[in-house]
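Working notes for the structure below.
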Amino acid sequence: MRLLSAASLLALQLLTPLAAGAATVISVGDGDTLRVADRGKNITVRVACIDAPEMAQAPYGQQARQALQELVPVGSTVTLKAQTRDRYGRTVAEVFTQNGTNAGLALVQQGHAFAYRQYLKQCDEWAYLDREGLARRYRVGVWRFDEAIQPPWDWRAANRGAPRQPTQRPVTLTIINDPKPVAQPPPSAIADRRWRCREVGSWERAQQLLREGHTYLDGDSDGEACERLR
């Protein structure tokens, strides 16, 4: 596995939260937006450096929302590394779960969000592009088929004529500790290993194994492996 450069590590250390304390998740609106309670105030957070499918981009929008809900359930605590506020008053921030997982990076790695290239310079650009490359390699989420869905920024422009990204203004930031990295996905299946559905971990991974020749995972020969993992 490649190591992050010293410059990338420094960039991670300098990204800092809007609030020093942990915030509590109130609700999850879609794949890249949530509401949190922080020191008596409710704020809307736009997850930084990713762009999840819109809810109208079925079924991917709903899948992205569900994935974010699983990462940051209502009532859980999160840490924010705020970058800015957009023109709608939302706090644009990287969001870290109770165990230190970067929720945005996890969504990109799972194929539930795109790396938002226009604003990646405000995050660890290599990490986000690397996770997206892994999602494409393992053909998960929006990368399940040969052609990914239309990127949400293009979808919004085509369907609403809206700007691709709200204008943002800087805010004062405070330094916190470097987060834990998102775990890498499993390597390609070993040729002589025989998998069980409960060992695979996800429906997307089961389909990848099926394409790699593990046809026994498709017990009813309907072209879909491990249906109960859906």
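Scheme for the structure tokens: letters A, B, ... for chains in order shown; per-chain residue numbers from 1; ligand numbers from 1 in order shown.
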Every residue of segment 52-128 of chain A that DSSP places in strand (DSSP E or B), as number ranges by chain:
A: 77-86, 91-96, 102, 114-115
Exercise for the section: Give me the residues within 8 Å of segment 102-111 of chain A as a PyMOL selection string, counting only C-alpha atoms and dropping any in the same chain fewer than 6 places off. Expected result: chain A and resi 32+47-50+64+67-68+71-72+94-96+127-128+131-132+134-136+139-143+179-182
Item to check | Which of segment 28-99 of chain A DSSP labels alpha helix (DSSP H), written as an MDAnalysis selection string | outcome: chainID A and resid 60:71
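Considering the residues A:Asp154, A:Glu125, A:Asp218, A:Glu204 and counting only C-alpha atoms, Arg230 of chain A has its shortest atom-to-atom contact with A:Glu204.
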| said: Nearest residue to Gly40 of chain A out of A:Val200, A:Leu229, A:Ala22, A:Ala157, using only C-alpha atoms? | reply: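 Of all the options, A:Ala22 lies closest to Gly40 of chain A.
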* To do: Can you pull out every residue within 9 Å of Gln207 of chain A, counting only C-alpha atoms, but drop anything in the same chain fewer than 6 positions away, and send it as a list in words?
  =>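 Residues near the query, excluding close chain neighbours: Arg139, Val140, Arg144, Leu217, Gly223, Glu224, Ala225 and Cys226 of chain A.
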- Extract, using only C-alpha atoms, all DNA, RNA and protein residues at most 12 Å from Val28 of chain A, discarding same-chain residues fewer than 6 positions from it, and format them as number ranges by chain. A: 34-36, 43-47, 62, 64-76
Judged by only C-alpha atoms, the minimum distance to Asp30 of chain A among A:Cys123, A:Val92, A:Ala113, A:Val78 is found for A:Ala113
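Distances to His214 of chain A were evaluated for A:Trp195, A:Tyr119, A:Tyr88, A:Trp155 using only C-alpha atoms, and the minimum falls at A:Trp195.
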